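The data block below is my_file-v1.cif; it holds mmCIF, C-alpha atoms.
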data_protein
loop_
_atom_site.group_PDB
_atom_site.id
_atom_site.type_symbol
_atom_site.label_atom_id
_atom_site.label_comp_id
_atom_site.auth_asym_id
_atom_site.auth_seq_id
_atom_site.Cartn_x
_atom_site.Cartn_y
_atom_site.Cartn_z
ATOM 1 C CA MET O 1 130.109 175.960 112.133
ATOM 2 C CA GLU O 2 130.865 175.032 108.541
ATOM 3 C CA ASP O 3 133.795 177.474 108.509
ATOM 4 C CA LEU O 4 135.045 175.914 111.728
ATOM 5 C CA HIS O 5 134.894 172.457 110.183
ATOM 6 C CA LEU O 6 136.705 173.691 107.073
ATOM 7 C CA ALA O 7 139.376 175.353 109.204
ATOM 8 C CA SER O 8 139.807 172.163 111.229
ATOM 9 C CA ILE O 9 140.153 170.090 108.053
ATOM 10 C CA VAL O 10 142.869 172.395 106.673
ATOM 11 C CA VAL O 11 144.849 172.376 109.924
ATOM 12 C CA SER O 12 144.404 168.601 110.360
ATOM 13 C CA THR O 13 145.581 167.997 106.789
ATOM 14 C CA ILE O 14 148.770 169.949 107.435
ATOM 15 C CA ARG O 15 149.365 168.062 110.677
ATOM 16 C CA ASN O 16 148.537 164.620 109.237
ATOM 17 C CA ALA O 17 150.687 164.934 106.118
ATOM 18 C CA PRO O 18 154.240 164.951 107.632
ATOM 19 C CA VAL O 19 153.987 161.308 108.765
ATOM 20 C CA LEU O 20 153.431 160.292 105.146
ATOM 21 C CA MET O 21 155.745 162.927 103.664
ATOM 22 C CA PHE O 22 158.829 161.820 105.589
ATOM 23 C CA ALA O 23 158.162 158.146 104.810
ATOM 24 C CA ALA O 24 157.346 158.781 101.143
ATOM 25 C CA LEU O 25 160.498 160.866 100.607
ATOM 26 C CA ALA O 26 162.469 158.109 102.330
ATOM 27 C CA GLY O 27 160.969 155.538 99.974
ATOM 28 C CA LEU O 28 161.703 157.804 97.036
ATOM 29 C CA PHE O 29 165.452 157.765 97.722
ATOM 30 C CA ALA O 30 165.502 153.998 98.220
ATOM 31 C CA GLU O 31 163.422 153.150 95.171
ATOM 32 C CA ARG O 32 165.073 155.703 92.892
ATOM 33 C CA SER O 33 168.310 153.850 93.603
ATOM 34 C CA GLY O 34 166.698 150.520 92.680
ATOM 35 C CA VAL O 35 165.805 149.101 96.118
ATOM 36 C CA VAL O 36 162.168 148.321 96.951
ATOM 37 C CA ASP O 37 161.500 149.726 100.434
ATOM 38 C CA ILE O 38 158.553 147.741 101.766
ATOM 39 C CA GLY O 39 160.141 148.067 105.223
ATOM 40 C CA LEU O 40 159.000 151.681 105.738
ATOM 41 C CA GLU O 41 156.275 150.552 108.129
ATOM 42 C CA GLY O 42 158.718 148.711 110.373
ATOM 43 C CA LYS O 43 161.183 151.597 110.472
ATOM 44 C CA ILE O 44 158.383 154.009 111.392
ATOM 45 C CA LEU O 45 157.316 151.773 114.291
ATOM 46 C CA ALA O 46 160.873 151.252 115.523
ATOM 47 C CA SER O 47 161.717 154.956 115.470
ATOM 48 C CA ALA O 48 158.382 155.839 117.087
ATOM 49 C CA PHE O 49 159.004 153.468 120.001
ATOM 50 C CA VAL O 50 162.630 154.437 120.536
ATOM 51 C CA SER O 51 161.879 158.160 120.183
ATOM 52 C CA ALA O 52 159.061 157.957 122.740
ATOM 53 C CA ALA O 53 161.046 155.776 125.156
ATOM 54 C CA VAL O 54 164.179 157.921 125.090
ATOM 55 C CA ALA O 55 162.244 161.199 125.184
ATOM 56 C CA TYR O 56 160.307 159.991 128.251
ATOM 57 C CA THR O 57 163.431 158.678 129.996
ATOM 58 C CA THR O 58 165.515 161.804 129.372
ATOM 59 C CA GLN O 59 162.593 164.273 129.309
ATOM 60 C CA ASN O 60 164.177 165.691 126.171
ATOM 61 C CA PRO O 61 162.408 165.287 122.791
ATOM 62 C CA TRP O 62 165.589 165.990 120.838
ATOM 63 C CA TYR O 63 167.351 163.025 122.412
ATOM 64 C CA GLY O 64 164.326 160.961 121.434
ATOM 65 C CA ILE O 65 164.527 162.128 117.825
ATOM 66 C CA ALA O 66 168.258 161.389 117.696
ATOM 67 C CA ALA O 67 167.679 157.878 119.067
ATOM 68 C CA GLY O 68 164.933 157.334 116.476
ATOM 69 C CA VAL O 69 167.320 158.374 113.704
ATOM 70 C CA ALA O 70 169.907 155.889 114.986
ATOM 71 C CA VAL O 71 167.572 152.872 115.127
ATOM 72 C CA SER O 72 165.887 153.614 111.805
ATOM 73 C CA SER O 73 169.261 154.078 110.112
ATOM 74 C CA ALA O 74 170.488 150.790 111.604
ATOM 75 C CA LEU O 75 167.451 148.962 110.229
ATOM 76 C CA ALA O 76 167.992 150.611 106.854
ATOM 77 C CA MET O 77 171.606 149.393 106.825
ATOM 78 C CA ILE O 78 170.499 145.849 107.690
ATOM 79 C CA GLN O 79 167.983 146.034 104.872
ATOM 80 C CA ALA O 80 170.664 147.384 102.527
ATOM 81 C CA PHE O 81 173.088 144.596 103.465
ATOM 82 C CA VAL O 82 170.505 141.919 102.671
ATOM 83 C CA ALA O 83 169.223 143.560 99.488
ATOM 84 C CA ILE O 84 172.444 145.021 98.047
ATOM 85 C CA THR O 85 175.407 143.024 99.328
ATOM 86 C CA GLN O 86 173.713 139.639 99.742
ATOM 87 C CA LYS O 87 171.322 140.240 96.813
ATOM 88 C CA GLY O 88 168.426 138.818 98.803
ATOM 89 C CA ASN O 89 164.746 139.187 98.020
ATOM 90 C CA GLN O 90 163.941 142.822 98.739
ATOM 91 C CA LEU O 91 160.231 142.273 99.307
ATOM 92 C CA VAL O 92 160.793 139.468 101.813
ATOM 93 C CA CYS O 93 163.415 141.514 103.658
ATOM 94 C CA GLY O 94 161.096 144.518 103.962
ATOM 95 C CA ILE O 95 158.137 142.438 105.120
ATOM 96 C CA ALA O 96 160.376 140.682 107.675
ATOM 97 C CA ILE O 97 161.360 144.063 109.132
ATOM 98 C CA ASN O 98 157.709 145.106 109.341
ATOM 99 C CA ILE O 99 156.637 141.921 111.126
ATOM 100 C CA ALA O 100 159.633 141.925 113.458
ATOM 101 C CA MET O 101 159.196 145.560 114.498
ATOM 102 C CA SER O 102 155.453 145.167 114.994
ATOM 103 C CA GLY O 103 156.080 142.469 117.595
ATOM 104 C CA LEU O 104 159.399 143.649 119.053
ATOM 105 C CA THR O 105 158.292 147.213 119.822
ATOM 106 C CA PHE O 106 155.242 145.897 121.705
ATOM 107 C CA VAL O 107 157.303 143.394 123.699
ATOM 108 C CA LEU O 108 159.980 145.964 124.614
ATOM 109 C CA ALA O 109 157.398 148.571 125.567
ATOM 110 C CA GLN O 110 155.704 146.044 127.851
ATOM 111 C CA PHE O 111 159.030 144.919 129.321
ATOM 112 C CA PHE O 112 160.300 148.424 130.121
ATOM 113 C CA PHE O 113 157.102 150.280 131.033
ATOM 114 C CA GLN O 114 154.505 147.635 132.013
ATOM 115 C CA GLN O 115 151.616 149.612 130.520
ATOM 116 C CA GLY O 116 150.070 147.147 128.121
ATOM 117 C CA GLY O 117 152.633 147.605 125.367
ATOM 118 C CA ARG O 118 152.667 151.395 125.327
ATOM 119 C CA THR O 119 154.948 154.026 126.769
ATOM 120 C CA PRO O 120 153.857 156.540 129.421
ATOM 121 C CA ASP O 121 152.557 159.926 128.291
ATOM 122 C CA LEU O 122 155.476 162.159 127.399
ATOM 123 C CA GLY O 123 154.053 165.310 128.971
ATOM 124 C CA ASN O 124 156.692 168.049 128.810
ATOM 125 C CA ALA O 125 158.948 165.822 126.683
ATOM 126 C CA ARG O 126 156.757 166.465 123.618
ATOM 127 C CA LEU O 127 157.807 168.965 120.961
ATOM 128 C CA THR O 128 155.896 172.208 121.412
ATOM 129 C CA ASP O 129 154.306 174.198 118.593
ATOM 130 C CA VAL O 130 156.116 177.238 117.238
ATOM 131 C CA VAL O 131 154.385 180.549 117.966
ATOM 132 C CA LEU O 132 155.381 183.124 115.361
ATOM 133 C CA PRO O 133 156.060 186.743 116.369
ATOM 134 C CA GLY O 134 152.966 188.939 116.106
ATOM 135 C CA THR O 135 150.481 186.067 116.371
ATOM 136 C CA ALA O 136 148.536 187.726 119.196
ATOM 137 C CA ALA O 137 148.363 191.050 117.358
ATOM 138 C CA LEU O 138 146.930 189.455 114.192
ATOM 139 C CA ASP O 139 144.661 186.986 115.969
ATOM 140 C CA ASN O 140 141.527 189.148 115.710
ATOM 141 C CA ILE O 141 141.911 189.818 111.976
ATOM 142 C CA PRO O 142 139.574 187.479 110.036
ATOM 143 C CA VAL O 143 141.264 184.888 107.801
ATOM 144 C CA ILE O 144 144.706 186.550 108.008
ATOM 145 C CA GLY O 145 144.974 185.945 111.745
ATOM 146 C CA TRP O 146 143.905 182.327 111.353
ATOM 147 C CA LEU O 147 146.278 181.700 108.448
ATOM 148 C CA TYR O 148 149.229 183.276 110.255
ATOM 149 C CA GLY O 149 148.519 181.793 113.667
ATOM 150 C CA HIS O 150 147.228 178.302 112.852
ATOM 151 C CA VAL O 151 148.331 177.400 109.317
ATOM 152 C CA ILE O 152 151.691 179.115 108.823
ATOM 153 C CA GLY O 153 152.361 179.273 112.553
ATOM 154 C CA GLY O 154 151.304 177.050 115.407
ATOM 155 C CA GLN O 155 153.051 173.974 113.997
ATOM 156 C CA SER O 156 155.799 171.719 115.267
ATOM 157 C CA VAL O 157 159.372 172.078 114.037
ATOM 158 C CA LEU O 158 159.010 168.707 112.303
ATOM 159 C CA VAL O 159 156.059 170.025 110.268
ATOM 160 C CA TYR O 160 158.206 172.863 108.941
ATOM 161 C CA LEU O 161 161.036 170.405 108.283
ATOM 162 C CA ALA O 162 158.723 168.153 106.258
ATOM 163 C CA PHE O 163 157.637 170.964 103.954
ATOM 164 C CA LEU O 164 161.131 172.486 103.690
ATOM 165 C CA LEU O 165 162.482 169.096 102.617
ATOM 166 C CA VAL O 166 160.294 169.062 99.499
ATOM 167 C CA PRO O 167 162.297 171.602 97.439
ATOM 168 C CA VAL O 168 165.546 170.270 98.929
ATOM 169 C CA VAL O 169 164.787 166.696 97.861
ATOM 170 C CA HIS O 170 163.653 167.920 94.433
ATOM 171 C CA TRP O 171 166.965 169.741 93.972
ATOM 172 C CA VAL O 172 169.017 166.777 95.224
ATOM 173 C CA VAL O 173 167.269 164.271 92.961
ATOM 174 C CA TYR O 174 167.250 166.372 89.789
ATOM 175 C CA HIS O 175 170.048 168.923 90.093
ATOM 176 C CA SER O 176 172.872 167.374 92.121
ATOM 177 C CA ARG O 177 175.624 164.925 91.210
ATOM 178 C CA PHE O 178 174.354 162.456 93.797
ATOM 179 C CA GLY O 179 170.837 162.702 92.343
ATOM 180 C CA LEU O 180 172.131 161.962 88.846
ATOM 181 C CA ARG O 181 173.954 158.878 90.115
ATOM 182 C CA LEU O 182 170.926 157.863 92.154
ATOM 183 C CA ARG O 183 168.619 157.937 89.134
ATOM 184 C CA ALA O 184 171.202 156.216 86.956
ATOM 185 C CA CYS O 185 171.487 153.329 89.436
ATOM 186 C CA GLY O 186 167.734 152.978 89.505
ATOM 187 C CA GLU O 187 167.280 153.076 85.753
ATOM 188 C CA ASN O 188 170.367 151.361 84.333
ATOM 189 C CA PRO O 189 172.910 150.274 86.959
ATOM 190 C CA HIS O 190 175.161 148.601 84.390
ATOM 191 C CA ALA O 191 175.500 151.850 82.443
ATOM 192 C CA ALA O 192 176.194 153.698 85.693
ATOM 193 C CA ASP O 193 178.843 151.134 86.594
ATOM 194 C CA ALA O 194 180.445 151.491 83.175
ATOM 195 C CA ALA O 195 180.605 155.258 83.757
ATOM 196 C CA GLY O 196 182.566 154.720 86.963
ATOM 197 C CA VAL O 197 179.705 155.057 89.459
ATOM 198 C CA SER O 198 179.752 152.648 92.400
ATOM 199 C CA VAL O 199 176.239 151.218 92.315
ATOM 200 C CA GLN O 200 176.557 149.549 95.705
ATOM 201 C CA ARG O 201 177.884 152.696 97.384
ATOM 202 C CA THR O 202 175.146 154.850 95.845
ATOM 203 C CA ARG O 203 172.426 152.434 96.936
ATOM 204 C CA TYR O 204 173.838 152.225 100.447
ATOM 205 C CA LEU O 205 173.852 156.033 100.696
ATOM 206 C CA ALA O 206 170.295 156.142 99.398
ATOM 207 C CA MET O 207 169.188 153.619 102.021
ATOM 208 C CA LEU O 208 170.956 155.595 104.747
ATOM 209 C CA VAL O 209 169.142 158.770 103.695
ATOM 210 C CA ALA O 210 165.899 156.772 103.600
ATOM 211 C CA GLY O 211 166.511 155.532 107.141
ATOM 212 C CA VAL O 212 167.109 159.043 108.470
ATOM 213 C CA LEU O 213 164.023 160.495 106.767
ATOM 214 C CA CYS O 214 161.811 157.603 107.848
ATOM 215 C CA SER O 215 162.867 158.112 111.469
ATOM 216 C CA PHE O 216 161.304 161.581 111.450
ATOM 217 C CA SER O 217 157.991 159.985 110.531
ATOM 218 C CA GLY O 218 158.069 157.758 113.608
ATOM 219 C CA ALA O 219 159.323 160.557 115.856
ATOM 220 C CA TYR O 220 156.531 162.817 114.626
ATOM 221 C CA LEU O 221 153.923 160.169 115.397
ATOM 222 C CA ALA O 222 155.149 159.614 118.951
ATOM 223 C CA ILE O 223 156.559 162.952 120.081
ATOM 224 C CA VAL O 224 154.245 165.392 118.275
ATOM 225 C CA GLN O 225 150.934 163.770 117.347
ATOM 226 C CA SER O 226 150.268 161.241 120.105
ATOM 227 C CA GLY O 227 152.589 161.999 122.987
ATOM 228 C CA PHE O 228 153.231 158.280 123.577
ATOM 229 C CA PHE O 229 153.966 155.040 121.725
ATOM 230 C CA LEU O 230 151.179 152.542 121.109
ATOM 231 C CA ARG O 231 151.382 149.162 119.412
ATOM 232 C CA ASP O 232 151.097 149.405 115.596
ATOM 233 C CA MET O 233 150.386 153.125 115.909
ATOM 234 C CA SER O 234 151.661 153.724 112.365
ATOM 235 C CA ALA O 235 148.413 152.113 111.138
ATOM 236 C CA GLY O 236 149.697 151.436 107.630
ATOM 237 C CA ALA O 237 151.414 154.810 107.125
ATOM 238 C CA GLY O 238 154.368 153.108 105.450
ATOM 239 C CA TYR O 239 152.115 151.439 102.893
ATOM 240 C CA LEU O 240 150.189 154.674 102.295
ATOM 241 C CA ALA O 241 153.534 156.385 101.689
ATOM 242 C CA LEU O 242 154.374 153.783 99.050
ATOM 243 C CA THR O 243 150.983 154.435 97.447
ATOM 244 C CA ALA O 244 151.804 158.150 97.393
ATOM 245 C CA LEU O 245 155.036 157.247 95.577
ATOM 246 C CA VAL O 246 153.043 155.440 92.907
ATOM 247 C CA PHE O 247 150.609 158.349 92.745
ATOM 248 C CA GLY O 248 153.515 160.764 92.319
ATOM 249 C CA ASN O 249 155.281 158.585 89.753
ATOM 250 C CA TRP O 250 158.408 158.576 91.955
ATOM 251 C CA ARG O 251 158.739 162.378 91.671
ATOM 252 C CA PRO O 252 159.131 164.449 94.878
ATOM 253 C CA LEU O 253 156.582 167.199 94.255
ATOM 254 C CA HIS O 254 153.865 164.891 92.935
ATOM 255 C CA THR O 255 154.525 162.402 95.730
ATOM 256 C CA VAL O 256 154.005 165.104 98.352
ATOM 257 C CA LEU O 257 150.711 166.030 96.670
ATOM 258 C CA GLY O 258 149.680 162.415 97.136
ATOM 259 C CA CYS O 259 150.609 162.632 100.836
ATOM 260 C CA LEU O 260 148.531 165.800 101.206
ATOM 261 C CA MET O 261 145.628 164.032 99.520
ATOM 262 C CA PHE O 262 145.787 161.171 102.044
ATOM 263 C CA GLY O 263 146.192 163.708 104.843
ATOM 264 C CA LEU O 264 143.046 165.470 103.615
ATOM 265 C CA PHE O 265 141.005 162.274 103.630
ATOM 266 C CA GLY O 266 142.312 161.476 107.100
ATOM 267 C CA ALA O 267 141.160 164.913 108.279
ATOM 268 C CA ILE O 268 137.747 164.436 106.672
ATOM 269 C CA GLN O 269 137.487 161.059 108.388
ATOM 270 C CA ILE O 270 137.959 162.726 111.787
ATOM 271 C CA GLN O 271 135.383 165.425 111.003
ATOM 272 C CA LEU O 272 132.758 162.898 109.884
ATOM 273 C CA GLU O 273 132.812 160.878 113.093
ATOM 274 C CA GLY O 274 129.618 161.430 115.068
ATOM 275 C CA VAL O 275 128.145 163.886 112.530
ATOM 276 C CA ASP O 276 124.593 163.519 111.153
ATOM 277 C CA LEU O 277 124.751 164.031 107.391
ATOM 278 C CA PRO O 278 121.776 164.978 105.202
ATOM 279 C CA VAL O 279 119.860 161.996 103.772
ATOM 280 C CA VAL O 280 122.354 159.312 104.931
ATOM 281 C CA GLY O 281 122.381 160.301 108.603
ATOM 282 C CA ARG O 282 125.245 159.246 110.870
ATOM 283 C CA ILE O 283 127.837 157.013 109.182
ATOM 284 C CA PRO O 284 129.174 154.122 111.320
ATOM 285 C CA GLY O 285 132.666 154.724 112.644
ATOM 286 C CA SER O 286 134.026 151.536 111.064
ATOM 287 C CA LEU O 287 133.000 152.763 107.605
ATOM 288 C CA ILE O 288 134.544 156.182 108.237
ATOM 289 C CA GLN O 289 137.848 154.575 109.234
ATOM 290 C CA MET O 290 137.900 152.781 105.867
ATOM 291 C CA ILE O 291 138.065 156.052 103.892
ATOM 292 C CA PRO O 292 141.893 156.365 103.560
ATOM 293 C CA TYR O 293 142.233 152.699 102.596
ATOM 294 C CA VAL O 294 139.407 152.814 100.058
ATOM 295 C CA VAL O 295 141.100 155.848 98.531
ATOM 296 C CA THR O 296 144.360 153.860 98.461
ATOM 297 C CA VAL O 297 142.743 151.025 96.503
ATOM 298 C CA VAL O 298 141.145 153.486 94.072
ATOM 299 C CA VAL O 299 144.434 155.314 93.537
ATOM 300 C CA LEU O 300 146.351 152.087 92.935
ATOM 301 C CA ALA O 301 143.689 150.730 90.584
ATOM 302 C CA GLY O 302 143.543 153.939 88.580
ATOM 303 C CA LEU O 303 147.220 154.896 88.437
ATOM 304 C CA MET O 304 149.288 151.723 88.712
ATOM 305 C CA ALA O 305 149.164 151.105 84.948
ATOM 306 C CA LYS O 306 150.121 154.729 84.203
ATOM 307 C CA SER O 307 152.970 155.009 86.703
ATOM 308 C CA VAL O 308 156.450 154.231 85.447
ATOM 309 C CA ALA O 309 158.729 152.877 88.164
ATOM 310 C CA PRO O 310 162.543 152.978 87.917
ATOM 311 C CA LYS O 311 163.466 150.199 85.504
ATOM 312 C CA ALA O 312 165.963 148.458 87.789
ATOM 313 C CA ILE O 313 163.830 148.588 90.939
ATOM 314 C CA GLY O 314 163.860 145.325 92.861
ATOM 315 C CA LYS O 315 166.612 143.829 90.697
ATOM 316 C CA PRO O 316 169.907 142.932 92.404
ATOM 317 C CA PHE O 317 172.933 144.402 90.642
ATOM 318 C CA VAL O 318 175.520 141.880 89.510
ATOM 319 C CA LYS O 319 178.690 143.580 88.317
ATOM 320 C CA SER O 320 179.694 142.623 84.761
ATOM 321 C CA ARG O 321 183.020 140.875 84.423
#

With the file now loaded, output its structure as structure tokens.
Amino acid sequence: MEDLHLASIVVSTIRNAPVLMFAALAGLFAERSGVVDIGLEGKILASAFVSAAVAYTTQNPWYGIAAGVAVSSALAMIQAFVAITQKGNQLVCGIAINIAMSGLTFVLAQFFFQQGGRTPDLGNARLTDVVLPGTAALDNIPVIGWLYGHVIGGQSVLVYLAFLLVPVVHWVVYHSRFGLRLRACGENPHAADAAGVSVQRTRYLAMLVAGVLCSFSGAYLAIVQSGFFLRDMSAGAGYLALTALVFGNWRPLHTVLGCLMFGLFGAIQIQLEGVDLPVVGRIPGSLIQMIPYVVTVVVLAGLMAKSVAPKAIGKPFVKSR
């Protein structure tokens, strides 16, 4: 039984992490360029609703994902226009997107589907898990069969994409020309401008990449994990992703470790529900649900002073005359 619980925690961690990983990597691009991306939560909700609605209507999950990419990218461009071109308050803009999408997705879901603000179950329009060749043959081999069939295999395409993106993002940020310009704009935009780099163009590209990546988080929530859209189903994932960024000191590999940590605590939360523990007995469900958020507060309190954000983050760039 203990092994079963441990196995369930490992698998749940892997399946919980992509929601945070996509959003955290999206925030990394935005904030490395110098734009605070508080609006991750709103973009996740918008892409989740649109992905679920289009996937249900067309009975094709890929059309749903594409629609989610489009709406999340559009929101990212609106956010970029306000923050970069109009030099508006980036925090206010992000919070406005979050509030607007929280209400708008519910209203649209109720208007189109009349099911209390949720979409119908997707059924066959969900993404199926990938079954690797030879899974059945290895299934009876202890440990190896489980690892091959349920950890390495048995996952959605978006899970593999999330983990494959980690080395790709690391290479882009630290070993590509775009990554060099991205970091320069986030650290010293005036120096980057003097070197001939278009700060506005770089930040717009970063926000576009952030919009695309964030859309996968919403699509994963709706099309893979839940199989429907529900009001505020992101449940603070965008804010947890920002916490993972702080935990990872705005570095891709460390940020993903933070996402896995939150995914682990989310998996433990599920396993603890309804279980009688030694000495303390059964923990109330409301206390169990607090675990990821308590961890968030602890992480922020312990690491905020040690984390070094990009120096120009949140500061509008005014070109020198």

Which polymer residues have any atom within 10 Å of an atom of Ile268 (chain O), counting only C-alpha atoms, with same-chain residues fewer than 6 positions away left out, as a PyMOL selection string? chain O and resi 5-6+8-10+12-13+262+288+291-292

Can you tell me, as a PyMOL selection string, what residues are no more than 7 Å from region 45-47 of chain O when counting only C-alpha atoms, ignoring any on the same chain fewer than 5 positions away? chain O and resi 68-69+71-72+101-102+105+215+218-219+232+234

Given the file shown, determine the residues that the PyMOL selection byres ((chain O and resi 151-160) around 9) selects; report them as a list in words.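 Those residues are Val10, Val11, Ile14, Arg15, Ala17, Pro18, Leu127, Thr128, Asp129, Val130, Val131, Leu132, Thr135, Trp146, Leu147, Tyr148, Gly149, His150, Leu161, Ala162, Phe163, Leu164, Leu165, Phe216, Ser217, Ala219, Tyr220 and Val224 of chain O.
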
How many Å lie between CA of Gln86 (chain O) and CA of Pro316 (chain O), rounded to one decimal?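 Interatomic distance here is 8.9 Å.
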
In Å and to one decimal, CA of Leu253 (chain O) is distant from CA of Leu40 (chain O) by 19.5 Å

Got a sec to check which residues sit within 10 Å of (159.4, 155.9, 99.9), counting all atoms listed in the file, and write them as a ChimeraX atom specification? /O:20-32,36-40,210,213-214,238-246,250,252,255

Go ahead and find all residues with at least one atom no further than 10 Å from (172.7, 144.1, 86.5) in the file's coordinates, using only C-alpha atoms; report them as a PyMOL selection string. chain O and resi 185+188-191+193+199+312+315-320

Those selected residues, please, written with C-alpha atoms and delivered as a short mmCIF file (atom, residue, chain, number, x, y, z; two decimals), in the coordinates of the input.
data_model
loop_
_atom_site.label_atom_id
_atom_site.label_comp_id
_atom_site.auth_asym_id
_atom_site.auth_seq_id
_atom_site.Cartn_x
_atom_site.Cartn_y
_atom_site.Cartn_z
CA CYS O 185 171.49 153.33 89.44
CA ASN O 188 170.37 151.36 84.33
CA PRO O 189 172.91 150.27 86.96
CA HIS O 190 175.16 148.60 84.39
CA ALA O 191 175.50 151.85 82.44
CA ASP O 193 178.84 151.13 86.59
CA VAL O 199 176.24 151.22 92.32
CA ALA O 312 165.96 148.46 87.79
CA LYS O 315 166.61 143.83 90.70
CA PRO O 316 169.91 142.93 92.40
CA PHE O 317 172.93 144.40 90.64
CA VAL O 318 175.52 141.88 89.51
CA LYS O 319 178.69 143.58 88.32
CA SER O 320 179.69 142.62 84.76
#

Residue among O:Gly227, O:Pro133, O:Gly258, O:Gly236 lying closest to Pro120 (chain O), counting only C-alpha atoms: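 Going through O:Gly227, O:Pro133, O:Gly258, O:Gly236 one by one, the smallest distance to Pro120 (chain O) is for O:Gly227.
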
I need the residue nearest Val169 (chain O) from this list: O:Asn124, O:Leu91, O:Val209, O:Ile270. Use only C-alpha atoms for the distance. O:Val209

Show which residues sit within 7 Å of Gln90 (chain O), as a PyMOL selection string. Count all atoms listed in the file, and ignore same-chain residues fewer than 3 positions away. chain O and resi 36+83+93-94+314

Between CA of Ala80 (chain O) and CA of Tyr63 (chain O), what distance in Å does the model show, to one decimal?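 Atom-to-atom, CA of Ala80 (chain O) and CA of Tyr63 (chain O) are spaced 25.5 Å apart.
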
Go through O:Val212, O:Ile144, O:Phe178, O:Leu122 one by one, measure the shortest atom-to-atom distance of each to Leu75 (chain O) using only C-alpha atoms, and give the residue with the smallest value.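 Among the listed residues, O:Val212 lies closest to Leu75 (chain O).
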
Find, counting all atoms listed in the file, the residue in O:Ile223, O:Leu182, O:Ile95, O:Val107 that gets nearest to Arg126 (chain O). O:Ile223

Between O:Val19, O:Val35, O:Ala52, O:Ile141, which is the closest to Ala206 (chain O) once you count all atoms listed in the file? O:Val35

Tell me which of O:Phe228, O:Ala100, O:Ala222, O:Ser33 sits closest to Gln115 (chain O), counting all atoms listed in the file.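 Residue with the minimum atom-to-atom distance to Gln115 (chain O): O:Phe228.
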